[in-house]
Each structure stands twice: as C-alpha cells, then as structure tokens.
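Listing of protein.pdb; format and content: PDB, C-alpha atoms and all ligand atoms.
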```
ATOM      1  CA  MET A   1     129.228 113.912 138.039
ATOM      2  CA  ALA A   2     132.661 114.756 139.391
ATOM      3  CA  SER A   3     133.411 112.832 142.494
ATOM      4  CA  THR A   4     133.794 114.544 145.783
ATOM      5  CA  LEU A   5     137.077 116.174 146.519
ATOM      6  CA  PRO A   6     139.588 113.509 147.433
ATOM      7  CA  ILE A   7     141.077 113.676 150.802
ATOM      8  CA  PRO A   8     144.839 113.567 150.819
ATOM      9  CA  GLU A   9     146.138 110.385 152.161
ATOM     10  CA  LYS A  10     148.519 112.083 154.474
ATOM     11  CA  LYS A  11     149.383 115.571 155.608
ATOM     12  CA  PRO A  12     151.391 117.194 152.847
ATOM     13  CA  ASP A  13     155.006 117.770 153.553
ATOM     14  CA  LYS A  14     155.854 121.446 154.039
ATOM     15  CA  ARG A  15     158.843 121.002 151.748
ATOM     16  CA  GLU A  16     156.668 119.746 148.940
ATOM     17  CA  TYR A  17     153.941 121.115 146.791
ATOM     18  CA  THR A  18     151.317 118.644 145.772
ATOM     19  CA  ILE A  19     149.253 118.925 142.606
ATOM     20  CA  MET A  20     146.176 116.712 142.419
ATOM     21  CA  VAL A  21     144.985 115.538 139.086
ATOM     22  CA  VAL A  22     141.303 114.684 139.255
ATOM     23  CA  PRO A  23     140.336 112.707 136.194
ATOM     24  CA  HIS A  24     136.875 111.977 134.875
ATOM     25  CA  HIS A  25     135.122 108.584 134.797
ATOM     26  CA  GLY A  26     136.327 107.342 138.073
ATOM     27  CA  GLN A  27     139.952 106.768 137.303
ATOM     28  CA  SER A  28     142.180 107.000 140.316
ATOM     29  CA  VAL A  29     143.232 110.417 141.517
ATOM     30  CA  ARG A  30     146.878 111.051 140.931
ATOM     31  CA  SER A  31     148.937 113.484 142.890
ATOM     32  CA  ILE A  32     152.267 114.932 141.745
ATOM     33  CA  ARG A  33     154.614 116.084 144.446
ATOM     34  CA  ILE A  34     157.145 118.750 143.554
ATOM     35  CA  PRO A  35     159.796 119.754 146.067
ATOM     36  CA  ILE A  36     159.695 123.424 147.055
ATOM     37  CA  SER A  37     163.435 123.670 146.346
ATOM     38  CA  ALA A  38     162.809 122.563 142.760
ATOM     39  CA  ILE A  39     160.117 125.225 142.410
ATOM     40  CA  LYS A  40     162.433 127.822 143.911
ATOM     41  CA  CYS A  41     165.144 126.671 141.528
ATOM     42  CA  GLY A  42     162.759 126.843 138.560
ATOM     43  CA  VAL A  43     161.549 130.300 139.547
ATOM     44  CA  GLY A  44     165.193 131.350 139.926
ATOM     45  CA  ILE A  45     166.076 130.048 136.463
ATOM     46  CA  LEU A  46     163.002 131.697 134.968
ATOM     47  CA  SER A  47     163.865 134.996 136.675
ATOM     48  CA  VAL A  48     167.428 134.881 135.387
ATOM     49  CA  ALA A  49     166.149 133.966 131.914
ATOM     50  CA  ALA A  50     163.650 136.833 132.081
ATOM     51  CA  LEU A  51     166.373 139.193 133.183
ATOM     52  CA  ILE A  52     168.666 138.063 130.376
ATOM     53  CA  LEU A  53     165.870 138.300 127.827
ATOM     54  CA  GLY A  54     164.866 141.726 129.151
ATOM     55  CA  GLY A  55     168.452 142.874 128.983
ATOM     56  CA  MET A  56     168.805 141.521 125.482
ATOM     57  CA  PHE A  57     165.604 143.260 124.474
ATOM     58  CA  ILE A  58     166.721 146.576 125.930
ATOM     59  CA  ASN A  59     170.097 146.149 124.281
ATOM     60  CA  TYR A  60     168.432 145.331 120.978
ATOM     61  CA  ARG A  61     166.177 148.387 121.248
ATOM     62  CA  HIS A  62     169.173 150.554 122.089
ATOM     63  CA  THR A  63     171.219 149.143 119.207
ATOM     64  CA  VAL A  64     168.378 149.687 116.739
ATOM     65  CA  HIS A  65     167.883 153.217 118.035
ATOM     66  CA  THR A  66     171.597 154.011 117.802
ATOM     67  CA  ALA A  67     171.792 152.526 114.313
ATOM     68  CA  ASN A  68     168.815 154.605 113.195
ATOM     69  CA  ALA A  69     170.304 157.760 114.685
ATOM     70  CA  GLU A  70     173.614 157.040 112.964
ATOM     71  CA  LYS A  71     171.840 156.366 109.700
ATOM     72  CA  ALA A  72     169.958 159.675 109.973
ATOM     73  CA  GLU A  73     173.193 161.467 110.856
ATOM     74  CA  LEU A  74     174.960 159.860 107.887
ATOM     75  CA  GLU A  75     172.096 160.858 105.603
ATOM     76  CA  LYS A  76     172.339 164.409 106.902
ATOM     77  CA  LEU A  77     176.100 164.427 106.348
ATOM     78  CA  ARG A  78     175.613 163.029 102.846
ATOM     79  CA  GLN A  79     173.154 165.818 102.052
ATOM     80  CA  VAL A  80     175.522 168.446 103.465
ATOM     81  CA  ASN A  81     178.353 166.929 101.454
ATOM     82  CA  ASN A  82     176.312 166.945  98.238
ATOM     83  CA  PHE A  83     175.352 170.538  98.904
ATOM     84  CA  GLN A  84     178.965 171.529  99.482
ATOM     85  CA  VAL A  85     180.125 169.735  96.343
ATOM     86  CA  LYS A  86     177.505 171.689  94.397
ATOM     87  CA  GLN A  87     178.651 174.907  96.045
ATOM     88  CA  ILE A  88     182.270 174.193  95.153
ATOM     89  CA  GLU A  89     181.220 173.531  91.556
ATOM     90  CA  GLN A  90     179.344 176.841  91.507
ATOM     91  CA  LEU A  91     182.385 178.554  93.004
ATOM     92  CA  ALA A  92     184.557 177.020  90.299
ATOM     93  CA  LYS A  93     182.171 178.289  87.626
ATOM     94  CA  ALA A  94     182.104 181.771  89.174
ATOM     95  CA  THR A  95     185.891 181.776  89.377
ATOM     96  CA  SER A  96     186.080 180.739  85.742
ATOM     97  CA  VAL A  97     183.737 183.591  84.776
ATOM     98  CA  LEU A  98     185.849 185.979  86.860
ATOM     99  CA  GLN A  99     188.959 184.821  85.035
ATOM    100  CA  GLU A 100     187.323 185.526  81.695
ATOM    101  CA  ASP A 101     186.235 188.966  82.966
ATOM    102  CA  MET A 102     189.769 189.648  84.127
ATOM    103  CA  ALA A 103     191.185 188.569  80.776
ATOM    104  CA  ARG A 104     188.822 191.007  79.033
ATOM    105  CA  LEU A 105     189.845 193.744  81.495
ATOM    106  CA  ASN A 106     193.486 193.098  80.687
ATOM    107  CA  LYS A 107     192.759 193.347  76.971
ATOM    108  CA  LEU A 108     190.832 196.597  77.472
ATOM    109  CA  ASP A 109     193.639 197.971  79.610
ATOM    110  CA  ALA A 110     196.161 197.249  76.869
ATOM    111  CA  GLU A 111     193.847 198.748  74.239
ATOM    112  CA  VAL A 112     193.338 201.986  76.192
ATOM    113  CA  ARG A 113     197.072 202.125  76.766
ATOM    114  CA  ARG A 114     197.737 201.795  73.049
ATOM    115  CA  MET A 115     195.129 204.489  72.300
ATOM    116  CA  LEU A 116     196.742 206.818  74.786
ATOM    117  CA  ASN A 117     200.111 205.903  73.316
ATOM    118  CA  ASN A 118     201.427 206.481  76.764
ATOM    119  CA  GLU A 119     204.179 204.017  77.524
ATOM    120  CA  GLU A 120     205.833 206.355  80.014
ATOM    121  CA  THR A 121     203.230 205.507  82.676
ATOM    122  CA  GLY A 122     205.487 202.535  83.450
ATOM    123  CA  VAL A 123     202.857 200.049  84.491
ATOM    124  CA  SER A 124     204.077 196.574  85.275
ATOM    125  CA  ARG A 125     202.474 194.170  82.826
ATOM    126  CA  SER A 126     203.128 191.183  85.065
ATOM    127  CA  GLY A 127     199.482 190.778  85.939
ATOM    128  CA  SER A 128     198.195 190.705  82.398
ATOM    129  CA  ALA A 129     200.057 187.588  81.290
ATOM    130  CA  ARG A 130     198.931 185.401  84.144
ATOM    131  CA  PRO A 131     195.254 184.705  83.449
ATOM    132  CA  GLY A 132     196.091 182.978  80.182
ATOM    133  CA  SER A 133     198.092 180.316  81.976
ATOM    134  CA  ASN A 134     195.207 179.469  84.251
ATOM    135  CA  ALA A 135     192.300 180.419  82.051
ATOM    136  CA  SER A 136     191.301 176.791  81.413
ATOM    137  CA  GLY A 137     191.710 175.765  85.046
ATOM    138  CA  GLY A 138     188.108 176.364  85.980
ATOM    139  CA  GLN A 139     186.657 174.686  82.910
ATOM    140  CA  GLY A 140     187.519 171.104  83.838
ATOM    141  CA  GLY A 141     184.429 170.910  86.020
ATOM    142  CA  PRO A 142     182.375 168.230  84.256
ATOM    143  CA  THR A 143     185.078 165.539  84.320
ATOM    144  CA  ALA A 144     186.426 165.876  87.872
ATOM    145  CA  PRO A 145     185.148 167.844  90.841
ATOM    146  CA  PRO A 146     187.196 171.023  91.355
ATOM    147  CA  LYS A 147     189.694 170.930  94.176
ATOM    148  CA  VAL A 148     189.314 173.551  96.861
ATOM    149  CA  ASP A 149     193.058 174.249  97.108
ATOM    150  CA  GLU A 150     193.206 174.767  93.331
ATOM    151  CA  LEU A 151     190.258 177.146  93.571
ATOM    152  CA  LEU A 152     191.995 179.050  96.362
ATOM    153  CA  ALA A 153     195.131 179.348  94.222
ATOM    154  CA  LEU A 154     193.003 180.678  91.347
ATOM    155  CA  VAL A 155     191.302 183.190  93.625
ATOM    156  CA  ASN A 156     194.694 184.360  94.926
ATOM    157  CA  ASP A 157     195.863 184.751  91.348
ATOM    158  CA  LEU A 158     192.754 186.781  90.521
ATOM    159  CA  GLN A 159     193.339 188.979  93.554
ATOM    160  CA  ALA A 160     196.908 189.699  92.459
ATOM    161  CA  ASN A 161     195.658 190.382  88.954
ATOM    162  CA  ALA A 162     192.971 192.758  90.209
ATOM    163  CA  LYS A 163     195.594 194.678  92.222
ATOM    164  CA  ALA A 164     197.811 194.987  89.143
ATOM    165  CA  ARG A 165     194.833 196.193  87.096
ATOM    166  CA  GLU A 166     193.937 198.754  89.761
ATOM    167  CA  GLN A 167     197.466 200.163  89.713
ATOM    168  CA  SER A 168     197.434 200.179  85.924
ATOM    169  CA  LEU A 169     194.099 202.033  85.825
ATOM    170  CA  LYS A 170     195.354 204.562  88.390
ATOM    171  CA  ASN A 171     198.386 205.250  86.212
ATOM    172  CA  LEU A 172     196.138 205.591  83.156
ATOM    173  CA  ARG A 173     193.891 208.009  85.061
ATOM    174  CA  ASP A 174     196.900 210.119  86.063
ATOM    175  CA  ALA A 175     198.191 210.095  82.495
ATOM    176  CA  LEU A 176     194.745 211.077  81.196
ATOM    177  CA  SER A 177     194.273 213.907  83.679
ATOM    178  CA  GLU A 178     197.742 215.204  82.803
ATOM    179  CA  ARG A 179     196.844 214.992  79.133
ATOM    180  CA  ASN A 180     193.505 216.738  79.774
ATOM    181  CA  ALA A 181     195.278 219.516  81.663
ATOM    182  CA  ARG A 182     197.714 219.891  78.768
ATOM    183  CA  LEU A 183     194.844 219.972  76.264
ATOM    184  CA  ALA A 184     192.920 222.505  78.373
ATOM    185  CA  ALA A 185     196.017 224.683  78.533
ATOM    186  CA  THR A 186     196.641 224.451  74.778
ATOM    187  CA  PRO A 187     194.930 227.135  72.656
ATOM    188  CA  SER A 188     192.577 225.221  70.391
ATOM    189  CA  ILE A 189     189.420 227.281  69.815
ATOM    190  CA  TRP A 190     188.544 230.503  68.004
ATOM    191  CA  PRO A 191     188.662 233.480  70.398
ATOM    192  CA  ALA A 192     185.705 235.190  68.657
ATOM    193  CA  SER A 193     183.317 234.687  65.811
ATOM    194  CA  GLY A 194     183.847 236.911  62.793
ATOM    195  CA  GLU A 195     185.792 237.307  59.604
ATOM    196  CA  VAL A 196     189.577 236.918  59.438
ATOM    197  CA  THR A 197     190.649 240.252  57.927
ATOM    198  CA  SER A 198     194.379 239.859  58.414
ATOM    199  CA  ARG A 199     196.508 236.714  58.673
ATOM    200  CA  PHE A 200     199.755 236.003  60.463
ATOM    201  CA  GLY A 201     202.974 237.081  58.726
ATOM    202  CA  TRP A 202     204.088 239.751  56.290
ATOM    203  CA  ARG A 203     201.279 241.883  54.944
ATOM    204  CA  SER A 204     200.791 245.204  53.252
ATOM    205  CA  SER A 205     200.434 247.762  55.994
ATOM    206  CA  PRO A 206     196.877 248.668  56.866
ATOM    207  CA  TRP A 207     198.149 252.238  57.264
ATOM    208  CA  GLY A 208     198.934 252.519  53.562
ATOM    209  CA  TRP A 209     202.772 252.536  53.442
ATOM    210  CA  GLY A 210     204.988 249.506  52.758
ATOM    211  CA  SER A 211     204.513 246.155  54.428
ATOM    212  CA  ASP A 212     204.737 245.051  58.048
ATOM    213  CA  TRP A 213     205.021 241.907  60.093
ATOM    214  CA  HIS A 214     201.685 240.884  61.584
ATOM    215  CA  PRO A 215     202.323 238.742  64.694
ATOM    216  CA  GLY A 216     198.704 237.486  64.982
ATOM    217  CA  ILE A 217     195.387 237.246  63.217
ATOM    218  CA  ASP A 218     192.656 239.865  63.054
ATOM    219  CA  ILE A 219     189.032 238.799  63.438
ATOM    220  CA  ALA A 220     186.443 241.479  62.618
ATOM    221  CA  ASN A 221     182.894 241.506  63.906
ATOM    222  CA  ASP A 222     180.367 243.819  65.524
ATOM    223  CA  TYR A 223     181.369 246.083  68.383
ATOM    224  CA  GLY A 224     180.818 244.205  71.685
ATOM    225  CA  THR A 225     181.202 240.691  70.221
ATOM    226  CA  PRO A 226     182.296 238.400  73.098
ATOM    227  CA  ILE A 227     185.943 237.357  73.188
ATOM    228  CA  ALA A 228     186.809 234.023  74.806
ATOM    229  CA  ALA A 229     189.992 232.630  76.316
ATOM    230  CA  THR A 230     191.272 229.989  73.877
ATOM    231  CA  ALA A 231     192.793 227.878  76.682
ATOM    232  CA  ALA A 232     192.790 227.612  80.452
ATOM    233  CA  GLY A 233     195.351 229.774  82.205
ATOM    234  CA  GLU A 234     196.202 232.728  84.405
ATOM    235  CA  VAL A 235     195.542 236.315  83.348
ATOM    236  CA  VAL A 236     198.932 238.031  83.633
ATOM    237  CA  PHE A 237     197.981 241.378  82.082
ATOM    238  CA  SER A 238     194.722 243.257  81.650
ATOM    239  CA  GLY A 239     194.773 246.967  80.702
ATOM    240  CA  TRP A 240     195.984 249.530  78.215
ATOM    241  CA  TYR A 241     199.135 248.532  76.287
ATOM    242  CA  GLY A 242     200.173 251.166  73.741
ATOM    243  CA  GLY A 243     199.033 250.408  70.172
ATOM    244  CA  TYR A 244     197.304 247.217  71.435
ATOM    245  CA  GLY A 245     194.791 249.430  73.257
ATOM    246  CA  GLN A 246     192.822 247.471  75.875
ATOM    247  CA  MET A 247     194.738 244.191  75.976
ATOM    248  CA  ILE A 248     194.649 240.898  77.877
ATOM    249  CA  ARG A 249     197.558 238.437  78.131
ATOM    250  CA  ILE A 250     197.011 234.940  79.491
ATOM    251  CA  ASP A 251     199.733 232.528  80.606
ATOM    252  CA  HIS A 252     198.817 228.882  79.830
ATOM    253  CA  GLY A 253     201.988 227.280  81.198
ATOM    254  CA  ASN A 254     204.614 225.373  79.210
ATOM    255  CA  GLY A 255     205.775 228.748  77.788
ATOM    256  CA  ILE A 256     202.483 229.336  75.938
ATOM    257  CA  GLU A 257     200.700 232.731  76.130
ATOM    258  CA  THR A 258     197.785 234.271  74.236
ATOM    259  CA  VAL A 259     197.093 237.963  73.646
ATOM    260  CA  TYR A 260     193.730 239.647  72.939
ATOM    261  CA  ALA A 261     193.918 243.294  71.833
ATOM    262  CA  HIS A 262     191.880 246.389  70.775
ATOM    263  CA  ASN A 263     189.112 245.323  73.199
ATOM    264  CA  ALA A 264     186.214 247.608  74.029
ATOM    265  CA  GLU A 265     186.157 246.277  77.587
ATOM    266  CA  ASN A 266     188.228 243.790  79.584
ATOM    267  CA  LEU A 267     186.267 241.531  81.975
ATOM    268  CA  VAL A 268     189.169 239.880  83.837
ATOM    269  CA  ARG A 269     191.887 241.058  86.250
ATOM    270  CA  PRO A 270     195.547 240.012  86.460
ATOM    271  CA  GLY A 271     195.964 236.970  88.713
ATOM    272  CA  GLN A 272     192.595 235.575  87.717
ATOM    273  CA  TYR A 273     192.377 232.006  86.404
ATOM    274  CA  VAL A 274     190.190 231.392  83.379
ATOM    275  CA  LYS A 275     188.922 228.259  81.673
ATOM    276  CA  LYS A 276     188.936 227.541  77.960
ATOM    277  CA  GLY A 277     185.901 229.352  76.484
ATOM    278  CA  ASP A 278     185.407 231.864  79.327
ATOM    279  CA  VAL A 279     184.349 235.280  78.003
ATOM    280  CA  ILE A 280     187.163 237.662  78.979
ATOM    281  CA  ALA A 281     186.416 240.820  76.930
ATOM    282  CA  TYR A 282     184.202 242.496  74.316
ATOM    283  CA  MET A 283     185.391 243.382  70.858
ATOM    284  CA  GLY A 284     186.278 247.036  70.195
ATOM    285  CA  SER A 285     188.735 249.232  68.336
ATOM    286  CA  THR A 286     190.995 250.662  71.042
ATOM    287  CA  GLY A 287     194.659 251.487  70.373
ATOM    288  CA  ALA A 288     196.123 251.535  66.847
ATOM    289  CA  SER A 289     193.103 250.081  65.113
ATOM    290  CA  THR A 290     191.390 250.861  61.809
ATOM    291  CA  GLY A 291     188.055 249.246  62.758
ATOM    292  CA  THR A 292     186.295 246.984  65.236
ATOM    293  CA  HIS A 293     188.250 243.748  65.400
ATOM    294  CA  LEU A 294     190.162 241.416  67.692
ATOM    295  CA  HIS A 295     193.913 241.135  67.316
ATOM    296  CA  TYR A 296     194.763 237.624  68.568
ATOM    297  CA  GLU A 297     198.294 236.326  69.189
ATOM    298  CA  VAL A 298     199.748 233.032  70.370
ATOM    299  CA  ARG A 299     203.256 233.233  71.819
ATOM    300  CA  VAL A 300     205.548 230.282  72.507
ATOM    301  CA  ASN A 301     208.440 231.151  74.822
ATOM    302  CA  GLY A 302     207.848 234.824  74.048
ATOM    303  CA  THR A 303     207.819 234.453  70.238
ATOM    304  CA  ALA A 304     204.609 235.016  68.291
ATOM    305  CA  VAL A 305     203.632 231.951  66.249
ATOM    306  CA  ASN A 306     200.891 231.427  63.700
ATOM    307  CA  PRO A 307     197.612 231.030  65.670
ATOM    308  CA  ALA A 308     196.236 229.023  62.744
ATOM    309  CA  ASN A 309     198.464 226.160  63.960
ATOM    310  CA  PHE A 310     196.328 226.042  67.113
ATOM    311  CA  LEU A 311     192.927 226.178  65.442
TER     312      LEU A 311
HETATM  313 ZN    ZN B 401     196.254 242.545  64.326
END
```

I need this file expressed as structure tokens, please.
Amino acid sequence: MASTLPIPEKKPDKREYTIMVVPHHGQSVRSIRIPISAIKCGVGILSVAALILGGMFINYRHTVHTANAEKAELEKLRQVNNFQVKQIEQLAKATSVLQEDMARLNKLDAEVRRMLNNEETGVSRSGSARPGSNASGGQGGPTAPPKVDELLALVNDLQANAKAREQSLKNLRDALSERNARLAATPSIWPASGEVTSRFGWRSSPWGWGSDWHPGIDIANDYGTPIAATAAGEVVFSGWYGGYGQMIRIDHGNGIETVYAHNAENLVRPGQYVKKGDVIAYMGSTGASTGTHLHYEVRVNGTAVNPANFL
C-alpha cells in the first residue's frame, strides 16, 4: 500500500540533514531540512543541560547524604547527652547519700567522743559543721538538673570532711589505746579465788597479842590455788622476802605496784612482763603465815592502799 520510496529531488546538502515524512493515502511527501549546525547546537545544549542536571543530581544526592549523616550524628549526640544528664543526676543522688552518711559519721564521732569524755584529744571540729550547710544541695534534683561545678564543690567538701573524720578517728583510737593500756595496768581483778580472812587496816593480831596494821587483804584457799596478776606490768621482785615468805612484786607503772606473798611457788622471774590474769604463783603458807592463804597488797607511790578500792 505504501508507495515506493521517494527519490530526493536533489542531492542533499552536506550541511543539512533531511527528514522525509512519508504520509499515507497519497499525500505529497514532505521533507524537513535541518542544518547540521542547528543539530550540533541542539546536541550541545542538551549535553550542557544533561551535565547541569547530572551535577544537580549528584549535588542533591550528596546533600541528602550529608544531611542524613548529620541527623544521625545529632541523634547520637542527643543520646549521649541524655545519658550524661542521667549520669550526672545519679552522681548528684550518690553525693547526696554520701553527705547523709558523712553527717551520720560526724554525729557518731561526737557521740563516741562524749562517751570517752576525752576532750584532750584536741580534734578540730571544723569538718563536722560543714555538711549541714550543704546537706540540702543534692536534693534539688527534680526541679533543676544538678550543675557539674556544684557537684564538684560538694565532692571537694566531702573529701575535706572525710580527711577531718579520719584525723578525728585516729585521735580517738590513740586515746582509746592509751585508756586501754591504763585500764590493763590498773589492778581490777581478784588475784585468787577463796575466802577473805583478813581485811585491810587495823585488826587484832593473828598471833594473839594486841592489834596490828594489815597493809593488804588475805584470801584463803587450798594449797596450790593459782594466783593471778591483777594488772599488766613488769615483775620487779620474785623470791623470799622475810615474813612475806615467797613473794612477787609487780610494777604496773604510774606508781602502782601489787604484792603477792606466802606463795608455795613463784612462776615468774624479775624483768618478766605479765598480762592481767596471768598465773604467776601457787598459794602456800611460806614466811610468817598461820595457814594457806594469799597476802595481797596494792601500793600507790610506795604506800599500801586498800585493795578493795581496786576490786
Ligand atoms: Zn596478810
């Protein structure tokens, strides 16, 4: 049905491009001539447009990518920030708890000090007054987030307080150990079990004539009953001593001495240190004695005092 290919009327110009439009139903063939330069120009414009579009596309992709990366980074930072805010709040709570602990420690310190009644330890009380002034500082959490510099100041305050408490406790320990040493060196227990057959002071003479001064107490029990040191100290005499028979004398310091006499056997030597309660001899009846007993004396600065005051 289509007619045979039309033959161009003339040789096409090399500088032109000819498009033939072949219609149906015998209408005349139309040819459109487009100059090559126009085609080149069009291609050039299209290329530039394509380049611009491509560039814009790449730029758009890059911008979107950068924006997404920044968004992710911001989200990460926001999460880190939230986490740190929570941590600071926890730190504030912990600091607040620490302050309360420290306040209790200060109270305890003062209580122990009162119980010891030991003002001469000379502890500076500067640390104990401080927590009160800041005690509410860490409790404002719910209304405003705690400030890190305020927290640091609180922590510094707590550190100073802890140092003061440490010094105070060291002084208390020293005072206590001194007190313990004094207590250990103070006669305070019975030297032997048994029956008190003669008290301290004037008494009718056990030998039958008149009365005499008894510088100690007599405790009677079975032969060989253990005799204990009534306080810690140094044995300064152990041996025979006239009417005292086998005798032991212990120096407890601070001018206090104890004497144990009429022993069957002494178990300690001079120069030996004994503790309160150590068995130092066995009960006997050596020297001027009317029966098995312990003659016990307490001397303060060389003068016999009533041992009952130490029991
Ligand atoms: Zn006696």

* To do: Name each residue within 9 Å of ligand ZN 401 (chain B), counting all atoms listed in the file, as a VMD selection string.
  => chain A and resid 197 to 200 214 to 219 244 261 to 262 289 293 to 297

Next on the checklist: Can you spell out as a list in words the set of residues that the PyMOL selection byres (((chain A and resi 176-178) around 12) and not hetatm) selects in the structure I just provided?
Outcome noted: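 Applying the expression gives Val112, Arg113, Met115, Leu116, Asn117, Asn118, Thr121, Leu169, Lys170, Asn171, Leu172, Arg173, Asp174, Ala175, Arg179, Asn180, Ala181, Arg182, Leu183, Ala184 and Ala185 of chain A.
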
*asked:* I need the output of the PyMOL selection byres (((chain A and resi 302-310) around 6) and not hetatm) for this file as a ChimeraX atom specification; which residues are they?
replied: /A:187-188,200,215,298-301,311

Applied to the shown file, which residues does the PyMOL selection byres (((chain A and resi 291) around 10) and not hetatm) return, written as an mmCIF file with C-alpha atoms, in the frame of the given file?
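Wrote it out as part35.cif, contents follow:
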```cif
data_model
loop_
_atom_site.group_PDB
_atom_site.id
_atom_site.type_symbol
_atom_site.label_atom_id
_atom_site.label_comp_id
_atom_site.auth_asym_id
_atom_site.auth_seq_id
_atom_site.Cartn_x
_atom_site.Cartn_y
_atom_site.Cartn_z
ATOM 1 C CA ALA A 220 186.443 241.479 62.618
ATOM 2 C CA ASN A 221 182.894 241.506 63.906
ATOM 3 C CA ASP A 222 180.367 243.819 65.524
ATOM 4 C CA TYR A 223 181.369 246.083 68.383
ATOM 5 C CA HIS A 262 191.880 246.389 70.775
ATOM 6 C CA GLY A 284 186.278 247.036 70.195
ATOM 7 C CA SER A 285 188.735 249.232 68.336
ATOM 8 C CA THR A 286 190.995 250.662 71.042
ATOM 9 C CA ALA A 288 196.123 251.535 66.847
ATOM 10 C CA SER A 289 193.103 250.081 65.113
ATOM 11 C CA THR A 290 191.390 250.861 61.809
ATOM 12 C CA THR A 292 186.295 246.984 65.236
ATOM 13 C CA HIS A 293 188.250 243.748 65.400
ATOM 14 C CA LEU A 294 190.162 241.416 67.692
#
```

Correct to one decimal, the distance atom CA of A:Glu195-atom CA of A:Lys275 is 24.1 Å

Judged by all atoms listed in the file, the minimum distance to A:Pro145 among A:Gln84, A:Asn106, A:Ser168, A:Ser28 is found for A:Gln84

Q. By how many Å are atom CA of A:Leu91 and atom CA of A:Asp157 apart?
A.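 The value is 14.9 Å.
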
Compare A:Ser211, A:Ser47, A:Ser204, A:Gln272 by their minimum atom-to-atom distance to A:Ile248, counting all atoms listed in the file, and give me the closest one.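 Counting all atoms listed in the file, the residue closest to A:Ile248 is A:Gln272.
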
The distance between atom CA of A:Ala281 and atom CA of A:Ala229 is 9.0 Å

- Give me the residues within 9 Å of A:Pro226 as a VMD selection string, counting only C-alpha atoms and dropping any in the same chain fewer than 3 places off. chain A and resid 191 to 193 279 to 283

*Would you please work out which residue, of A:Gly287, A:Asp101, A:Ala264, A:Lys276, is nearest to A:Gly245 when using all atoms listed in the file?*
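Result for the nearest residue to A:Gly245: A:Gly287.
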
Can you pull out the residues contacting A:Glu234? Cut-off 10 Å, using all atoms listed in the file, and skip same-chain residues under 4 positions away; I want them as a list in words.
Ala185, Arg249, Ile250, Asp251, His252, Gly253, Glu257, Arg269, Pro270, Gly271, Gln272, Tyr273, Val274 and Lys275 of chain A
